[in-house]
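Pasting entry.cif here (mmCIF, C-alpha atoms and all ligand atoms):
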```cif
data_query
loop_
_atom_site.label_atom_id
_atom_site.label_comp_id
_atom_site.auth_asym_id
_atom_site.auth_seq_id
_atom_site.Cartn_x
_atom_site.Cartn_y
_atom_site.Cartn_z
CA MET A 1 -101.05 -37.99 53.31
CA MET A 2 -103.52 -37.02 56.01
CA LYS A 3 -106.41 -38.95 54.38
CA ILE A 4 -109.33 -39.58 56.73
CA SER A 5 -107.87 -37.88 59.80
CA GLU A 6 -107.26 -34.68 57.80
CA LYS A 7 -110.77 -34.80 56.37
CA GLU A 8 -112.21 -35.34 59.85
CA LEU A 9 -110.00 -32.61 61.30
CA THR A 10 -111.05 -30.14 58.61
CA ARG A 11 -114.72 -30.86 59.23
CA ARG A 12 -114.29 -30.57 63.01
CA GLY A 13 -112.19 -27.42 62.62
CA PHE A 14 -114.94 -25.89 60.48
CA ILE A 15 -117.58 -26.66 63.10
CA THR A 16 -115.40 -25.10 65.82
CA ARG A 17 -114.79 -21.92 63.80
CA VAL A 18 -118.46 -21.52 62.93
CA GLY A 19 -119.36 -21.78 66.60
CA GLN A 20 -116.80 -19.14 67.57
CA GLY A 21 -117.64 -16.76 64.69
CA LEU A 22 -121.41 -16.45 65.18
CA VAL A 23 -121.59 -13.09 66.92
CA ALA A 24 -118.59 -11.45 65.29
CA THR A 25 -119.79 -12.00 61.72
CA GLY A 26 -123.36 -10.84 62.37
CA VAL A 27 -124.76 -13.90 60.60
CA THR A 28 -126.33 -15.38 63.72
CA ALA A 29 -129.87 -15.80 62.44
CA PRO A 30 -129.28 -17.83 59.24
CA LEU A 31 -126.66 -19.99 60.92
CA LEU A 32 -128.94 -20.72 63.86
CA LYS A 33 -131.75 -21.61 61.48
CA ASN A 34 -129.41 -23.97 59.70
CA ALA A 35 -128.23 -25.42 63.04
CA HIS A 36 -131.87 -25.96 64.03
CA ALA A 37 -132.51 -27.83 60.79
CA GLN A 38 -129.62 -30.13 61.69
CA LEU A 39 -130.83 -30.72 65.27
CA ARG A 40 -130.89 -34.42 66.00
CA VAL A 41 -134.13 -35.25 67.77
CA PRO A 42 -133.46 -38.26 70.04
CA ASP A 43 -135.42 -41.49 69.62
CA PRO A 44 -138.01 -42.47 72.23
CA PRO A 45 -136.51 -44.68 74.98
CA GLY A 46 -136.12 -48.32 74.02
CA LYS A 47 -135.76 -51.34 76.31
CA LYS A 48 -133.25 -50.91 79.13
CA LEU A 49 -131.69 -53.81 81.04
CA GLY A 50 -131.60 -53.70 84.85
CA TRP A 51 -128.18 -53.39 86.48
CA ALA A 52 -126.97 -54.18 90.01
CA ILE A 53 -123.85 -52.37 91.23
CA VAL A 54 -121.68 -54.42 93.60
CA GLY A 55 -119.43 -52.18 95.73
CA LEU A 56 -120.40 -48.54 96.26
CA GLY A 57 -116.97 -46.91 96.43
CA SER A 58 -115.31 -44.06 94.61
CA LEU A 59 -115.67 -45.33 91.04
CA ALA A 60 -119.29 -46.44 91.53
CA ILE A 61 -120.40 -43.18 93.18
CA ASN A 62 -118.43 -40.67 91.11
CA GLN A 63 -118.48 -42.25 87.64
CA ILE A 64 -120.74 -45.26 87.20
CA LEU A 65 -123.97 -44.14 88.86
CA PRO A 66 -124.00 -40.68 87.18
CA ALA A 67 -123.30 -42.40 83.82
CA PHE A 68 -126.67 -44.20 83.84
CA ALA A 69 -128.31 -40.85 82.98
CA LYS A 70 -126.51 -41.06 79.61
CA CYS A 71 -127.29 -44.74 78.96
CA GLU A 72 -129.74 -45.76 76.25
CA LYS A 73 -129.93 -49.45 77.15
CA SER A 74 -129.02 -49.72 80.83
CA LYS A 75 -130.69 -48.60 84.08
CA VAL A 76 -129.60 -49.10 87.69
CA VAL A 77 -132.11 -51.19 89.69
CA ALA A 78 -130.12 -52.75 92.58
CA PHE A 79 -127.15 -52.29 94.92
CA VAL A 80 -124.92 -54.74 96.79
CA SER A 81 -123.11 -53.06 99.67
CA GLY A 82 -121.80 -53.66 103.17
CA HIS A 83 -123.00 -50.18 104.22
CA PRO A 84 -126.81 -49.99 104.41
CA ASP A 85 -126.85 -46.23 105.16
CA LYS A 86 -124.83 -45.45 102.04
CA ALA A 87 -126.90 -47.85 99.91
CA ASN A 88 -130.21 -46.38 101.18
CA LYS A 89 -129.08 -42.82 100.50
CA LEU A 90 -127.95 -43.72 96.97
CA ALA A 91 -131.22 -45.62 96.45
CA LEU A 92 -133.13 -42.40 97.11
CA ARG A 93 -130.85 -40.51 94.74
CA TYR A 94 -131.12 -43.04 91.90
CA ASN A 95 -134.68 -44.23 92.46
CA VAL A 96 -133.63 -47.79 93.37
CA ASN A 97 -136.31 -49.79 95.20
CA PRO A 98 -135.04 -50.45 98.78
CA LYS A 99 -136.10 -54.11 98.40
CA ASN A 100 -133.33 -54.35 95.78
CA ILE A 101 -130.54 -53.52 98.24
CA TYR A 102 -128.40 -56.57 99.06
CA ASN A 103 -125.37 -57.12 101.27
CA TYR A 104 -122.41 -59.46 100.75
CA GLN A 105 -124.11 -62.23 102.76
CA ASN A 106 -127.49 -62.35 100.97
CA TYR A 107 -125.96 -61.43 97.56
CA ASP A 108 -126.72 -64.89 96.10
CA SER A 109 -130.46 -64.37 96.55
CA ILE A 110 -130.23 -61.82 93.72
CA LYS A 111 -130.93 -64.88 91.55
CA ASP A 112 -134.61 -64.53 92.51
CA ASN A 113 -134.79 -60.92 91.34
CA PRO A 114 -136.02 -60.74 87.73
CA GLU A 115 -135.41 -56.98 87.62
CA VAL A 116 -131.63 -57.61 87.62
CA ASP A 117 -130.15 -58.65 84.26
CA VAL A 118 -126.53 -57.55 84.65
CA ILE A 119 -124.22 -57.29 87.68
CA TYR A 120 -121.33 -54.78 87.66
CA ILE A 121 -118.46 -55.77 90.03
CA VAL A 122 -116.74 -52.61 91.35
CA LEU A 123 -114.98 -54.16 94.36
CA PRO A 124 -111.27 -54.35 95.24
CA ASN A 125 -109.45 -56.57 92.72
CA GLY A 126 -108.98 -59.48 95.14
CA MET A 127 -112.78 -59.81 95.42
CA HIS A 128 -113.53 -59.77 91.65
CA ALA A 129 -113.31 -63.52 91.10
CA GLU A 130 -115.55 -64.55 94.00
CA TYR A 131 -118.29 -61.98 93.31
CA THR A 132 -118.19 -62.51 89.55
CA ILE A 133 -118.53 -66.27 89.94
CA ARG A 134 -121.35 -65.92 92.51
CA GLY A 135 -123.12 -63.47 90.18
CA LEU A 136 -122.83 -65.84 87.22
CA GLN A 137 -124.06 -68.74 89.37
CA ALA A 138 -127.07 -66.57 90.26
CA GLY A 139 -127.86 -66.60 86.52
CA LYS A 140 -126.87 -62.98 85.85
CA HIS A 141 -124.57 -61.53 83.20
CA VAL A 142 -121.47 -59.85 84.69
CA LEU A 143 -119.38 -56.79 83.84
CA CYS A 144 -116.25 -56.87 86.03
CA GLU A 145 -113.86 -53.98 86.63
CA LYS A 146 -110.18 -54.15 85.63
CA PRO A 147 -107.91 -55.87 86.48
CA MET A 148 -110.12 -58.91 85.95
CA ALA A 149 -108.71 -60.69 89.04
CA SER A 150 -105.53 -61.12 91.07
CA THR A 151 -104.20 -64.08 89.04
CA SER A 152 -104.62 -65.70 85.64
CA ALA A 153 -105.87 -68.84 87.43
CA GLU A 154 -108.78 -66.84 88.88
CA CYS A 155 -109.50 -65.40 85.42
CA ARG A 156 -109.80 -68.93 84.03
CA GLN A 157 -112.23 -69.88 86.81
CA MET A 158 -114.36 -66.82 85.97
CA ILE A 159 -114.40 -67.68 82.25
CA ASP A 160 -115.35 -71.29 83.06
CA ALA A 161 -118.14 -70.09 85.37
CA ALA A 162 -119.56 -67.88 82.59
CA LYS A 163 -119.50 -70.79 80.13
CA LYS A 164 -121.13 -73.14 82.63
CA ALA A 165 -123.86 -70.61 83.44
CA ASP A 166 -124.24 -69.65 79.76
CA ARG A 167 -124.01 -65.96 80.72
CA LYS A 168 -121.96 -63.08 79.28
CA LEU A 169 -118.78 -61.97 81.02
CA MET A 170 -117.22 -58.65 80.03
CA ILE A 171 -114.25 -56.78 81.53
CA ALA A 172 -114.63 -53.02 81.99
CA TYR A 173 -111.88 -51.79 79.67
CA ARG A 174 -113.61 -48.46 79.09
CA CYS A 175 -110.96 -47.12 76.66
CA HIS A 176 -112.04 -49.66 74.03
CA TYR A 177 -115.40 -47.88 73.86
CA GLU A 178 -114.52 -44.16 73.86
CA PRO A 179 -113.97 -42.05 70.74
CA TYR A 180 -110.31 -40.99 71.16
CA ASN A 181 -108.84 -44.40 71.85
CA LYS A 182 -111.06 -45.96 69.19
CA GLU A 183 -109.75 -43.42 66.66
CA ALA A 184 -106.14 -44.06 67.73
CA ILE A 185 -106.72 -47.80 67.27
CA ARG A 186 -108.21 -47.22 63.80
CA ILE A 187 -105.38 -44.90 62.70
CA ALA A 188 -102.61 -47.19 64.00
CA ARG A 189 -104.07 -50.41 62.65
CA ALA A 190 -104.89 -48.84 59.24
CA HIS A 191 -101.19 -47.86 59.06
CA GLU A 192 -102.10 -44.20 58.49
CA LEU A 193 -98.84 -43.41 60.31
CA GLY A 194 -97.04 -45.95 58.15
CA PRO A 195 -96.49 -49.36 59.74
CA THR A 196 -96.04 -49.01 63.51
CA GLN A 197 -92.44 -49.44 64.62
CA MET A 198 -92.60 -48.69 68.30
CA ILE A 199 -95.09 -47.81 71.03
CA LEU A 200 -94.27 -45.88 74.20
CA ALA A 201 -96.91 -46.02 76.94
CA ASP A 202 -96.82 -44.70 80.50
CA ALA A 203 -99.39 -44.91 83.25
CA GLY A 204 -99.04 -43.93 86.88
CA PHE A 205 -99.89 -41.69 89.79
CA ALA A 206 -98.66 -41.12 93.31
CA ALA A 207 -100.50 -43.53 95.64
CA GLY A 208 -101.80 -41.82 98.78
CA ASP A 209 -103.01 -43.35 102.05
CA PRO A 210 -100.90 -46.41 103.01
CA ALA A 211 -104.03 -47.98 104.56
CA GLN A 212 -105.96 -48.19 101.26
CA TRP A 213 -106.72 -51.65 99.78
CA ARG A 214 -104.67 -50.87 96.64
CA LEU A 215 -101.49 -51.16 98.74
CA HIS A 216 -102.43 -54.50 100.36
CA LYS A 217 -101.68 -57.53 98.27
CA ALA A 218 -104.56 -59.74 99.40
CA LEU A 219 -107.08 -57.17 98.10
CA SER A 220 -105.12 -55.66 95.21
CA GLY A 221 -103.29 -58.68 93.78
CA GLY A 222 -100.23 -56.45 93.25
CA GLY A 223 -99.11 -52.84 93.01
CA SER A 224 -99.06 -50.22 90.28
CA MET A 225 -98.79 -52.83 87.51
CA MET A 226 -102.18 -54.36 88.39
CA ASP A 227 -103.96 -51.07 88.94
CA ILE A 228 -102.56 -48.57 86.46
CA GLY A 229 -99.75 -50.21 84.47
CA ILE A 230 -102.50 -52.38 82.97
CA TYR A 231 -103.59 -49.28 80.98
CA ALA A 232 -100.17 -49.02 79.30
CA LEU A 233 -100.13 -52.78 78.66
CA ASN A 234 -103.67 -52.86 77.30
CA ALA A 235 -102.94 -49.82 75.08
CA ALA A 236 -99.87 -51.50 73.56
CA ARG A 237 -102.08 -54.51 72.77
CA TYR A 238 -105.07 -52.60 71.40
CA LEU A 239 -102.97 -50.22 69.33
CA THR A 240 -101.20 -53.12 67.61
CA GLY A 241 -104.08 -55.61 67.68
CA GLU A 242 -101.39 -58.20 68.43
CA GLU A 243 -100.35 -60.35 71.38
CA PRO A 244 -96.79 -60.02 72.71
CA THR A 245 -94.45 -62.97 72.44
CA GLU A 246 -91.69 -61.75 74.78
CA VAL A 247 -91.53 -59.62 77.93
CA ASN A 248 -88.61 -57.86 79.69
CA ALA A 249 -89.02 -55.91 82.92
CA MET A 250 -87.24 -54.03 85.69
CA SER A 251 -88.83 -52.78 88.86
CA PHE A 252 -87.90 -50.61 91.81
CA THR A 253 -89.79 -50.23 95.08
CA ASP A 254 -88.67 -48.22 98.10
CA ARG A 255 -89.48 -50.67 100.91
CA ASN A 256 -88.87 -47.92 103.50
CA ASP A 257 -91.85 -46.03 102.11
CA PRO A 258 -94.86 -46.98 104.32
CA ARG A 259 -97.03 -47.32 101.18
CA PHE A 260 -94.93 -50.08 99.68
CA LYS A 261 -94.58 -52.78 102.33
CA GLU A 262 -96.55 -55.32 100.26
CA VAL A 263 -96.75 -54.18 96.64
CA GLU A 264 -94.44 -52.80 93.94
CA SER A 265 -94.25 -49.18 92.92
CA ASN A 266 -92.20 -48.56 89.74
CA VAL A 267 -92.05 -50.96 86.80
CA ILE A 268 -90.58 -50.57 83.33
CA PHE A 269 -91.58 -53.30 80.90
CA GLN A 270 -90.98 -54.07 77.26
CA LEU A 271 -93.08 -56.13 74.90
CA ARG A 272 -92.18 -57.71 71.55
CA PHE A 273 -95.06 -58.28 69.11
CA PRO A 274 -95.10 -60.78 66.21
CA SER A 275 -95.02 -58.07 63.48
CA GLY A 276 -91.78 -56.70 64.96
CA VAL A 277 -93.39 -53.80 66.86
CA ILE A 278 -91.74 -53.27 70.23
CA ALA A 279 -93.34 -51.41 73.13
CA ASN A 280 -91.64 -49.66 76.03
CA CYS A 281 -94.02 -49.09 78.94
CA SER A 282 -93.92 -47.76 82.48
CA SER A 283 -96.13 -48.09 85.52
CA SER A 284 -95.82 -46.25 88.82
CA TYR A 285 -97.39 -45.52 92.16
CA SER A 286 -94.64 -42.95 92.89
CA TYR A 287 -94.32 -40.51 90.01
CA PHE A 288 -96.49 -37.46 89.27
CA HIS A 289 -99.56 -38.65 87.37
CA GLN A 290 -99.02 -39.82 83.83
CA SER A 291 -101.41 -41.16 81.21
CA HIS A 292 -99.64 -41.08 77.91
CA TYR A 293 -98.84 -43.04 74.77
CA ARG A 294 -97.05 -42.54 71.48
CA VAL A 295 -97.44 -44.66 68.38
CA MET A 296 -94.37 -44.23 66.15
CA GLY A 297 -95.00 -45.13 62.52
CA THR A 298 -92.56 -44.93 59.62
CA GLU A 299 -94.25 -41.74 58.31
CA ALA A 300 -95.86 -40.09 61.33
CA ARG A 301 -96.29 -40.18 65.07
CA LEU A 302 -99.57 -40.24 67.03
CA GLU A 303 -99.53 -39.00 70.59
CA MET A 304 -102.22 -39.05 73.29
CA ASP A 305 -101.68 -37.08 76.52
CA PRO A 306 -103.70 -37.64 78.55
CA ALA A 307 -104.64 -40.89 76.88
CA THR A 308 -106.96 -42.64 79.31
CA TRP A 309 -108.59 -40.03 81.53
CA TYR A 310 -112.37 -40.06 81.95
CA ASN A 311 -112.43 -36.85 79.90
CA GLY A 312 -110.05 -34.23 78.55
CA ASN A 313 -108.00 -36.69 76.47
CA ARG A 314 -105.93 -35.04 73.72
CA MET A 315 -104.52 -36.41 70.49
CA TRP A 316 -101.94 -35.11 68.02
CA ILE A 317 -100.43 -36.43 64.84
CA GLU A 318 -97.00 -35.17 63.79
CA ARG A 319 -96.13 -35.62 60.13
CA GLY A 320 -93.42 -33.81 58.18
CA ASN A 321 -93.07 -30.47 59.98
CA LYS A 322 -96.77 -30.25 60.89
CA ILE A 323 -98.46 -31.13 64.16
CA GLU A 324 -102.24 -31.53 63.86
CA GLN A 325 -104.48 -31.75 66.89
CA ILE A 326 -107.40 -34.13 66.46
CA GLU A 327 -110.56 -33.00 68.25
CA LEU A 328 -113.41 -35.44 68.70
CA GLN A 329 -116.73 -35.24 70.47
CA GLU A 330 -116.20 -36.57 74.00
CA ALA A 331 -118.53 -39.23 75.39
CA ASP A 332 -119.05 -40.88 78.76
CA HIS A 333 -116.81 -43.97 78.80
CA PHE A 334 -118.92 -45.75 81.40
CA ALA A 335 -122.25 -45.15 79.65
CA LEU A 336 -120.73 -46.45 76.41
CA GLU A 337 -119.29 -49.61 77.98
CA MET A 338 -122.46 -50.38 79.97
CA ASP A 339 -124.65 -49.93 76.90
CA HIS A 340 -122.27 -52.18 74.93
CA MET A 341 -122.75 -54.89 77.56
CA SER A 342 -126.55 -54.45 77.56
CA ASP A 343 -126.54 -54.58 73.77
CA CYS A 344 -124.50 -57.80 73.79
CA VAL A 345 -126.98 -59.39 76.21
CA MET A 346 -130.01 -58.23 74.20
CA GLN A 347 -128.52 -59.27 70.84
CA ASN A 348 -126.72 -62.37 72.19
CA LYS A 349 -123.36 -61.06 70.94
CA GLU A 350 -119.88 -61.56 72.39
CA PRO A 351 -118.60 -58.39 74.15
CA LEU A 352 -115.63 -56.60 72.58
CA THR A 353 -113.70 -57.07 75.84
CA PRO A 354 -114.74 -60.52 77.13
CA GLY A 355 -113.17 -62.44 80.02
CA GLU A 356 -110.47 -63.70 77.64
CA GLU A 357 -109.25 -60.09 77.22
CA GLY A 358 -108.80 -59.76 80.98
CA LEU A 359 -107.04 -63.14 81.11
CA ARG A 360 -104.54 -62.03 78.42
CA ASP A 361 -103.55 -58.97 80.48
CA LEU A 362 -103.21 -60.99 83.69
CA THR A 363 -101.04 -63.58 81.92
CA ILE A 364 -98.74 -60.81 80.65
CA ILE A 365 -98.70 -59.05 84.06
CA GLU A 366 -97.52 -62.32 85.60
CA ALA A 367 -94.81 -62.48 82.95
CA VAL A 368 -93.80 -58.87 83.78
CA TYR A 369 -93.42 -59.80 87.45
CA GLU A 370 -91.45 -62.93 86.54
CA ALA A 371 -89.14 -61.00 84.17
CA ALA A 372 -88.53 -58.28 86.79
CA LYS A 373 -87.71 -60.90 89.41
CA SER A 374 -85.48 -63.11 87.27
CA GLY A 375 -83.90 -60.38 85.14
CA LYS A 376 -84.55 -62.63 82.12
CA THR A 377 -86.75 -62.31 79.06
CA VAL A 378 -89.98 -64.27 79.52
CA LYS A 379 -91.39 -65.91 76.39
CA LEU A 380 -95.16 -66.16 76.12
P1 LIG B 401 -112.92 -47.91 96.41
O1 LIG B 401 -112.03 -48.29 97.53
O2 LIG B 401 -113.32 -46.49 96.30
O3 LIG B 401 -114.26 -48.78 96.48
C1 LIG B 401 -114.26 -50.15 96.81
C2 LIG B 401 -115.61 -50.54 97.37
O4 LIG B 401 -115.52 -51.89 97.80
C3 LIG B 401 -116.03 -49.70 98.59
O5 LIG B 401 -117.41 -49.41 98.50
C4 LIG B 401 -115.79 -50.64 99.76
O6 LIG B 401 -116.69 -50.41 100.85
C5 LIG B 401 -116.07 -52.00 99.11
N1 LIG B 401 -115.44 -53.12 99.83
C6 LIG B 401 -116.06 -54.27 100.13
N2 LIG B 401 -115.25 -55.07 100.81
C7 LIG B 401 -114.10 -54.41 100.98
C8 LIG B 401 -112.87 -54.73 101.61
N3 LIG B 401 -112.67 -55.92 102.22
N4 LIG B 401 -111.90 -53.82 101.60
C9 LIG B 401 -112.06 -52.63 100.97
N5 LIG B 401 -113.20 -52.27 100.33
C10 LIG B 401 -114.22 -53.16 100.34
O7 LIG B 401 -112.24 -48.42 95.08
P2 LIG B 401 -112.53 -47.95 93.60
O8 LIG B 401 -111.54 -46.92 93.19
O9 LIG B 401 -113.97 -47.65 93.42
O10 LIG B 401 -112.13 -49.28 92.77
C11 LIG B 401 -113.00 -50.37 92.66
C12 LIG B 401 -112.61 -51.21 91.43
O11 LIG B 401 -112.76 -50.39 90.29
C13 LIG B 401 -111.19 -51.71 91.41
O12 LIG B 401 -111.13 -52.99 90.84
C14 LIG B 401 -110.45 -50.72 90.53
O13 LIG B 401 -109.34 -51.29 89.86
C15 LIG B 401 -111.54 -50.36 89.55
N6 LIG B 401 -111.38 -49.01 88.99
C16 LIG B 401 -111.50 -48.87 87.65
C17 LIG B 401 -111.39 -47.61 87.09
C18 LIG B 401 -111.63 -47.44 85.62
O14 LIG B 401 -111.35 -46.35 85.11
N7 LIG B 401 -112.14 -48.43 84.93
C19 LIG B 401 -111.11 -46.51 87.88
C20 LIG B 401 -110.99 -46.69 89.27
C21 LIG B 401 -111.14 -47.96 89.81
#
```

What do you get writing this file as structure tokens?
Amino acid sequence: MMKISEKELTRRGFITRVGQGLVATGVTAPLLKNAHAQLRVPDPPGKKLGWAIVGLGSLAINQILPAFAKCEKSKVVAFVSGHPDKANKLALRYNVNPKNIYNYQNYDSIKDNPEVDVIYIVLPNGMHAEYTIRGLQAGKHVLCEKPMASTSAECRQMIDAAKKADRKLMIAYRCHYEPYNKEAIRIARAHELGPTQMILADAGFAAGDPAQWRLHKALSGGGSMMDIGIYALNAARYLTGEEPTEVNAMSFTDRNDPRFKEVESNVIFQLRFPSGVIANCSSSYSYFHQSHYRVMGTEARLEMDPATWYNGNRMWIERGNKIEQIELQEADHFALEMDHMSDCVMQNKEPLTPGEEGLRDLTIIEAVYEAAKSGKTVKL
């Protein structure tokens, strides 16, 4: 019973074959005419909210700033950076007015800048709480990168600050907004694989330079679990749509490795969900990169590998003796999440991934650490 996924696959397969067969069949002209008739002419630009990017590091420069070109509702208008040369160069590139470049000291004066509607915090994890709260107190809406903060206590302070300021707070869980993970969520929750029995999810990569902030607890809040294991955890939660009630964990860290003086490397953790689904997840800063999950239903199995990359994600469903690859149109995760935030501000709607979503992950991450340390199941 392939139902919707089979229908979608057939349609997508047809489109792919038509594209490949144009020249060979000699029917180029009529098909092109037909394609032209189906051309979607984009709408004129609507209102775009002004965004300030706080922290001009790797993610901001390589993913977030280029993504604004694909946004319908968001434009970059300001930077907050400790490096004026870098900020000025990027201002020229992205047409940001130099008067809208702030540093970490005068950041609070952004409250007087009506061009800025939303602030995007792209700093090391240990700085998320302070800069989110200061942004909210400046009267701006805030999108904060994952993990929301270093502790669940900080997450609560951020949520309280958003309520007090009556501003939106969203956490940048980009996978909730992109087509492949959205389709996996739909398929799993609609029980198209039969009711889910088990989820396997793995997320990791080999951490490099021992000097980087990710390997220093004050700035990272923790090791692989905070940075990358959170993808496996979040996937287990979004694929079930449930909150775990019990957590087991084991961890191993080679303390002779210069990268792991302060934070953990390898973690295996298990989650029990109220419906009976159990999840087995791993997180690592030592193994070859991994971004993978499997949803095992009673009738079929869905697999994503890679599951959470910026692009190139792949999905299969195995049912009976058939493996079907699901191909979807890729989209820019960052443009989608930023436009979602802008839309929520414009329409006064609650974001799909509000502060409470970040708090739930941090609460479970703390339980993972506790279970690994005590060797006992932690009940939530
Ligand atoms: P990065 O090290 O490349 O950038 C961090 C930025 O913070 C730099 O511009 C740096 O100058 C600035 N900074 C300010 N004070 C600092 C301090 N005391 N120490 C170190 N840097 C300081 O990091 P990144 O990879 O861009 O990650 C930034 C955030 O984005 C993190 O929270 C990370 O978890 C998150 N992230 C999310 C994704 C995703 O897919 N959603 C991917 C990568 C990173």

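Among A:Tyr131, A:Tyr293, A:Trp213, A:Phe79, the residue with the shortest atom-to-atom distance to ligand LIG 401 (chain B), counting only C-alpha atoms and all ligand atoms, is A:Trp213.
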
Query - For A:Leu200, the nearest of the candidates A:Met250, A:Leu143, A:Leu65, A:Ile268, counting only C-alpha atoms - result: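 Closest candidate: A:Ile268.
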
Report summary line: A:Lys111 proximity check over A:Ala52, A:Pro66, A:Arg237, A:Ile159, using all atoms listed in the file: winner is A:Ala52

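Nearest to ligand LIG 401 (chain B) of all the residues A:Ala162, A:Ala153, A:Ala172, A:Leu90 is A:Ala172, counting only C-alpha atoms and all ligand atoms.
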
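The spacing separating atom CA of A:Gly276 from atom CA of A:Ala236 amounts to 12.9 Å.
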
Report summary line: Of A:Lys70, A:Arg301, A:Lys349, A:Lys48, the one sitting nearest A:Gly194 when using all atoms listed in the file is A:Arg301

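Counting only C-alpha atoms and all ligand atoms, the residue from A:Ile228, A:Leu136, A:Ala188, A:Leu359 that sits nearest to ligand LIG 401 (chain B) is A:Ile228.
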
**Report entry** Distance filter 9 Å around ligand LIG 401 (chain B), atoms: all atoms listed in the file, out as JSON, numbers by chain
**Finding:** {"A": [54, 55, 56, 57, 58, 59, 60, 61, 62, 63, 81, 82, 83, 104, 121, 122, 123, 124, 125, 126, 127, 128, 144, 145, 146, 147, 148, 149, 172, 173, 174, 175, 212, 213, 214, 219, 220, 226, 227, 228, 308, 309, 310, 333, 334]}

Requested in this report: Would you work out the distance separating atom CA of A:Ile53 from atom CA of A:Gly135, expressed in Å to one decimal?
Outcome: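 Interatomic distance, atom CA of A:Ile53 to atom CA of A:Gly135: 11.2 Å.
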
**Report entry** Protein/DNA/RNA residues near (-93.4, -47.9, 97.3), cut 7 Å, all atoms listed in the file, as a list in words
**Finding:**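 Selection result: Thr253, Asp254, Arg255, Asp257, Arg259, Phe260, Glu264, Ser265, Tyr285 and Ser286 of chain A.
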
Report task. Take atom CA of A:Asp332 and atom CA of A:Gly312 and report the distance between them in Å, one decimal. Result -> 11.2 Å

I'd like the neighbourhood of A:Pro84 as a PDB file with C-alpha atoms, in the coordinates of the input, where a residue qualifies if any of its atoms comes within 9 Å (using only C-alpha atoms), though same-chain residues fewer than 4 positions away should be ignored.
```
ATOM      1  CA  ASN A  88    -130.210 -46.380 101.180  1.00  0.00           C
ATOM      2  CA  LYS A  89    -129.080 -42.820 100.500  1.00  0.00           C
ATOM      3  CA  ILE A 101    -130.540 -53.520  98.240  1.00  0.00           C
ATOM      4  CA  TYR A 102    -128.400 -56.570  99.060  1.00  0.00           C
ATOM      5  CA  ASN A 103    -125.370 -57.120 101.270  1.00  0.00           C
TER       6      ASN A 103
END
```

Requested in this report: Would you mind listing what lies within 7 Å of A:Ser284 as a PyMOL selection string, with all atoms listed in the file counted and same-chain residues fewer than 4 positions away left out?
Outcome: chain A and resi 203-205+224+265-267

Query raised in the report: Excluding same-chain residues fewer than 4 positions from A:Asp343, what lies within 9 Å of it counting only C-alpha atoms, as a PyMOL selection string?
Result: chain A and resi 49+73-74+338-339+347-349+351

Requested in this report: Quick one: residues within 7 Å of (-105.4, -33.4, 73.5) (file frame), counting all atoms listed in the file, please, as a ChimeraX atom specification.
Outcome: /A:304-306,312-316,325

For the residues selected in the previous step, produce a file with C-alpha atoms as a compact mmCIF listing (two decimals), in the coordinates of the input.
```txt
# COMPACT_ATOMS: atom_id res chain seq x y z
CA MET A 304 -102.22 -39.05 73.29
CA ASP A 305 -101.68 -37.08 76.52
CA PRO A 306 -103.70 -37.64 78.55
CA GLY A 312 -110.05 -34.23 78.55
CA ASN A 313 -108.00 -36.69 76.47
CA ARG A 314 -105.93 -35.04 73.72
CA MET A 315 -104.52 -36.41 70.49
CA TRP A 316 -101.94 -35.11 68.02
CA GLN A 325 -104.48 -31.75 66.89
```
